[in-house]
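> Just dropping this structure here.
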Amino acid sequence: MGIKKFIDIYVPTETCNLQCHYCYIALLNKFSQKIHPIGHTAKEIRKALSRKRLGGICMINICAGGETLLSEEILPIVKQLLEEGHYVMVVTNGTVSRRFDEVASWSLDLKKRLFFKFSLHYLELERLKLLEVFAHNVNKVWRAGCSITVEVTSNDRLIERIPELKRYCMENFGALCHITIARDDRKKKIDMLTKLSYEEYVKAWNGFGSDLLEMKLNLYGVKRREYCYAGAWSYYINLSTGNVRQCYCGMTFDNIYQDTDKKIKEVAIGRKCGIPYCYNGHAFIAFGSIPRLAQVTFAEERNRKTADGRQWLQPEMKRVMESRLADTNEEYGWEEKLLNIWKEIECVPICCKNYIRKIR
């Protein structure tokens with residue numbers, strides 16, 4: 001069982017009910033304190049991302065600039081995508097309790113294909129007295145049949161509290177949380193957001209046995225030169241505008257709301273990655289946008305086995321997260337790679353095309 005594409009969806013919610021000092025959106029002053037309407041119904045979005053149009057069942061990640069589940073529009077969209085047959089991941093801070101109450105009431109057929117990435121913002125939840133609420137919501141959807149992971153964004157202020165963080169996780173989730181890297185998007189090289197040296201940072205956070213952290217450390221600071229199929233096997237989509245980009249860098253080459261009966265274009269980024277390193281390669285690379293590069297699967301980065309033998313990932317979701325995009329897509333030969341370059345040219349403005357034709 002495999003997925004045809006990995007699709008990362010950006011939701012235009014630019015507000016949050018937490019105020020984390022390490023938040024990359026806040027660091028860039030992007031919070032508008034607004035929940036922008038998406039402008040399209042859940043059924044329209046389902047049609048725009050139909051299995052037929054995408055060529056099969058996909059893994060779709062939904063994440064906002066702020067807290068994803070503050071918007072009333074998100075769960076109806078999630079439900080429509082699940083009913084279409086896709087697997088859906090939702091990134092959340094785990095505090096909007098009424099959303100998890102609603103999800104718990106859904107059919108098991110939908111919940112077994114739904115995954116929540118719970119971001120555990122320990123210090124902020126403690127300040128707001130929401131640690132118990134967070135744990136309750138995580139366990140509510142997990143017991144209801146959804147898959148979950150609990151992830152902490154590493155930050156210097158939390159280091160002295162690591163022992164109690166570990167106790168909190170073991171007591172409430174049966175296993176230690178995973179660790180991700182806080183990044184400083186204000187800097188050209190997208191540095192780690194820490195005052196520690198690299199060695200000090202690794203020493204501070206390596207005690208969680210997190211495959212997620214290990215993967216991110218392996219990718220950190222390494223410019224990718226391999227052939228990348230982002231833009232063909234995976235997409236980055238703005239849910240409001242409908243624009244389809246190759247990745248966080250690269251061109252916008254299609255729109256999901258236009259010509260919804262036509263297949264979405266596939267324009268691989270190839271060897272032209274425009275970012276210093278693949279900071280979200282724990283998803284794109286783990287699923288296989290660059291074939292054979294990842295040493296671990298996405299399932300290994302997200303799952304934990306608890307002290308009593310349970311797992312955070314439900315069986316079906318685990319099987320799908322263990323798959324690679326190369327299992328359901330054909331790698332390009334040299335002719336296809338050359339053709340892909342001309343696909344890119346067809347996506348650029350007419351003035352650029354005229355220049356290219358002039359110098360050919």
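As shown in the structure tokens, the chain order sets the letters A, B, ...; within each chain, residues go from 1, and ligands are also counted from 1 in the order they appear.
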Using DSSP on the backbone coordinates, identify the residues of segment 93-254 of chain A assigned to alpha helix (DSSP H); present them as a PyMOL selection string.
chain A and resi 97-104+108-111+122-127+131-144+162-173+198-205+211-219
> List as a ChimeraX atom specification the protein and nucleic acid residues near Leu212 of chain A, meaning an atom at most 7 Å away when only C-alpha atoms are counted, but skip any in the same chain fewer than 3 places from it.
/A:178-180,215-216,282,301-302
> Quick one: of A:Asp259, A:Asp109, A:Glu126, A:Glu67, who's nearest to Gln314 of chain A, counting only C-alpha atoms?
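Nearest to Gln314 of chain A: A:Asp109.
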> Pick the closest to Gln246 of chain A from A:Glu171, A:Glu336, A:Glu344, A:Asp211: which is it, counting only C-alpha atoms?
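Under the stated criterion, the closest residue is A:Glu344.
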> Got a sec: who's within 8 Å of segment 37-48 of chain A, counting only C-alpha atoms, leaving out chain neighbours fewer than 6 positions off, as an NGL selection string?
:A and (11-12 or 73 or 76-77 or 80-81 or 84 or 239-240 or 256-257 or 260)
> The selected residues should be written to file as a compact mmCIF listing (two decimals), in the first residue's frame (atoms: C-alpha atoms).

```
# COMPACT_ATOMS: atom_id res chain seq x y z
CA VAL A 11 -3.66 27.35 5.41
CA PRO A 12 -3.82 31.19 5.57
CA GLU A 73 -13.29 25.67 7.89
CA PRO A 76 -14.98 20.00 7.04
CA ILE A 77 -12.09 20.08 4.55
CA GLN A 80 -14.00 15.66 2.66
CA LEU A 81 -10.41 14.70 1.84
CA GLU A 84 -12.16 11.02 -1.00
CA LEU A 239 -5.21 26.47 0.04
CA SER A 240 -6.59 29.99 -0.37
CA ILE A 256 -5.82 23.57 -8.19
CA TYR A 257 -8.99 25.63 -8.70
CA THR A 260 -10.39 20.91 -12.17
```
> Compile the contact shell of segment 193-200 of chain A as a ChimeraX atom specification: residues with an atom at most 10 Å away, counting only C-alpha atoms, same-chain residues fewer than 4 positions apart removed.
/A:22-24,154-157,181-187,204-205,217
> In terms of the shortest atom-to-atom distance over only C-alpha atoms, which of A:Ser107, A:Gln295, A:Thr68, A:Gln19 is closest to Val91 of chain A?
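Looking at the shortest contact to Val91 of chain A, the residue is A:Thr68.
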> Just the residues within 10 Å of Thr149 of chain A, please, counting only C-alpha atoms, with nothing from its chain fewer than 5 positions along; format it as a CSV table (one decimal) with N, CA and C atoms, in the first residue's frame.

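Dumped everything to out.csv:
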```csv
chain,number,residue,atom,x,y,z
A,91,VAL,N,-1.4,19.5,11.5
A,91,VAL,CA,-0.4,20.0,12.5
A,91,VAL,C,-1.2,21.0,13.5
A,115,PHE,N,-4.1,11.6,11.0
A,115,PHE,CA,-2.9,11.7,11.8
A,115,PHE,C,-2.8,13.1,12.4
A,116,PHE,N,-2.5,13.3,13.6
A,116,PHE,CA,-2.3,14.6,14.2
A,116,PHE,C,-0.9,14.7,14.7
A,117,LYS,N,-0.2,15.8,14.2
A,117,LYS,CA,1.1,16.1,14.7
A,117,LYS,C,0.9,17.1,15.8
A,118,PHE,N,1.0,16.7,17.1
A,118,PHE,CA,0.8,17.5,18.2
A,118,PHE,C,2.1,18.2,18.6
A,119,SER,N,2.1,19.5,18.4
A,119,SER,CA,3.3,20.3,18.8
A,119,SER,C,3.2,20.6,20.3
A,120,LEU,N,4.0,20.1,21.1
A,120,LEU,CA,4.0,20.3,22.5
A,120,LEU,C,4.9,21.5,22.9
A,138,VAL,N,-4.8,14.9,23.2
A,138,VAL,CA,-3.9,13.9,22.5
A,138,VAL,C,-4.5,12.5,22.7
A,142,TRP,N,-6.3,9.7,20.1
A,142,TRP,CA,-5.6,8.4,19.9
A,142,TRP,C,-6.4,7.2,20.3
A,173,PHE,N,1.8,10.0,27.7
A,173,PHE,CA,1.8,9.4,26.3
A,173,PHE,C,2.5,8.1,26.2
A,177,CYS,N,8.7,12.3,23.8
A,177,CYS,CA,8.3,13.1,22.6
A,177,CYS,C,9.4,13.0,21.6
A,178,HIS,N,9.1,13.3,20.4
A,178,HIS,CA,10.1,13.6,19.4
A,178,HIS,C,10.6,15.0,19.4
A,301,GLU,N,10.1,8.2,12.0
A,301,GLU,CA,10.3,9.5,12.6
A,301,GLU,C,9.1,10.0,13.5
A,302,ARG,N,8.0,9.4,13.3
A,302,ARG,CA,6.8,9.8,14.0
A,302,ARG,C,6.3,8.8,15.1
A,303,ASN,N,6.6,7.6,14.9
A,303,ASN,CA,6.0,6.6,15.8
A,303,ASN,C,6.8,6.5,17.1
A,304,ARG,N,6.1,5.9,18.1
A,304,ARG,CA,6.8,5.5,19.4
A,304,ARG,C,6.0,4.3,19.9
A,311,GLN,N,1.3,1.5,20.1
A,311,GLN,CA,2.1,2.4,19.2
A,311,GLN,C,1.3,3.7,18.9
A,312,TRP,N,2.0,4.8,18.7
A,312,TRP,CA,1.3,6.0,18.4
A,312,TRP,C,0.6,6.0,17.0
A,313,LEU,N,1.2,5.2,16.1
A,313,LEU,CA,0.6,5.1,14.8
A,313,LEU,C,-0.3,3.9,14.7
```
> Could you check how far atom CA of Ala268 of chain A sits from atom CA of Gly65 of chain A, in Å to one decimal?
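Value for the atom CA of Ala268 of chain A-atom CA of Gly65 of chain A distance: 25.4 Å.
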> Return as a count of residues only the full set of residues in segment 104-335 of chain A whose backbone-based DSSP assignment is strand (DSSP E or B).
37
> Counting only C-alpha atoms, which of A:Asn340, A:Thr297, A:Asn61, A:Asn172 gets nearest to Ala232 of chain A?
A:Asn340
> When you count only C-alpha atoms, which of these residues is closest to Ala299 of chain A: A:Thr95, A:Pro163, A:Tyr227, A:Ile148?
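The answer is A:Ile148, which sits nearest to Ala299 of chain A.
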> Find the residues near Lys166 of chain A: any atom within 9 Å, counting only C-alpha atoms, skip ones fewer than 6 places away on the same chain, and give them as a list in words.
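Residues near the query, excluding close chain neighbours: Ala175, Leu176, Cys177 and Phe208 of chain A.
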> Keeping only all heavy atoms, write the selected residues to a file as a JSON list (two decimals), in the first residue's frame.

```json
[["chain", "number", "residue", "atom", "x", "y", "z"],
["A", 175, "ALA", "N", 5.53, 7.37, 26.24],
["A", 175, "ALA", "CA", 6.81, 7.39, 25.55],
["A", 175, "ALA", "C", 7.33, 8.82, 25.50],
["A", 175, "ALA", "O", 6.58, 9.77, 25.74],
["A", 175, "ALA", "CB", 6.67, 6.83, 24.13],
["A", 176, "LEU", "N", 8.60, 8.97, 25.20],
["A", 176, "LEU", "CA", 9.18, 10.30, 25.08],
["A", 176, "LEU", "C", 8.71, 10.98, 23.79],
["A", 176, "LEU", "O", 8.42, 10.31, 22.79],
["A", 176, "LEU", "CB", 10.71, 10.22, 25.07],
["A", 176, "LEU", "CG", 11.38, 9.68, 26.34],
["A", 176, "LEU", "CD1", 12.89, 9.62, 26.14],
["A", 176, "LEU", "CD2", 11.02, 10.54, 27.55],
["A", 177, "CYS", "N", 8.65, 12.29, 23.82],
["A", 177, "CYS", "CA", 8.30, 13.06, 22.63],
["A", 177, "CYS", "C", 9.44, 13.00, 21.62],
["A", 177, "CYS", "O", 10.58, 12.67, 21.95],
["A", 177, "CYS", "CB", 8.01, 14.51, 23.00],
["A", 177, "CYS", "SG", 9.38, 15.33, 23.85],
["A", 208, "PHE", "N", 16.64, 11.92, 23.77],
["A", 208, "PHE", "CA", 15.25, 11.49, 23.54],
["A", 208, "PHE", "C", 15.16, 10.30, 22.58],
["A", 208, "PHE", "O", 14.08, 9.76, 22.37],
["A", 208, "PHE", "CB", 14.43, 12.65, 22.99],
["A", 208, "PHE", "CG", 14.12, 13.71, 24.00],
["A", 208, "PHE", "CD1", 15.05, 14.67, 24.34],
["A", 208, "PHE", "CD2", 12.88, 13.75, 24.65],
["A", 208, "PHE", "CE1", 14.78, 15.66, 25.28],
["A", 208, "PHE", "CE2", 12.59, 14.72, 25.59],
["A", 208, "PHE", "CZ", 13.54, 15.68, 25.90]]
```
> Which is closest to Tyr248 of chain A among A:Asp8, A:Leu125, A:Arg310, A:Leu49, if we use only C-alpha atoms?
A:Asp8
> At a cut-off of 6 Å, using only C-alpha atoms, what residues contact segment 51-59 of chain A? Leave out same-chain residues fewer than 2 positions from it and give the result as a PyMOL selection string.
chain A and resi 3-6+86-88+263
> Atoms to include: C-alpha atoms. Write the selected residues as a CSV table (one decimal), in the first residue's frame.

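The new file result37.csv reads:
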```csv
chain,number,residue,atom,x,y,z
A,3,ILE,CA,0.7,6.9,-1.8
A,4,LYS,CA,0.9,8.6,-5.2
A,5,LYS,CA,1.9,12.0,-4.0
A,6,PHE,CA,2.8,13.9,-0.8
A,86,HIS,CA,-6.7,10.3,1.0
A,87,TYR,CA,-4.6,10.1,4.2
A,88,VAL,CA,-4.5,13.4,6.1
A,263,LYS,CA,-4.6,16.6,-14.3
```
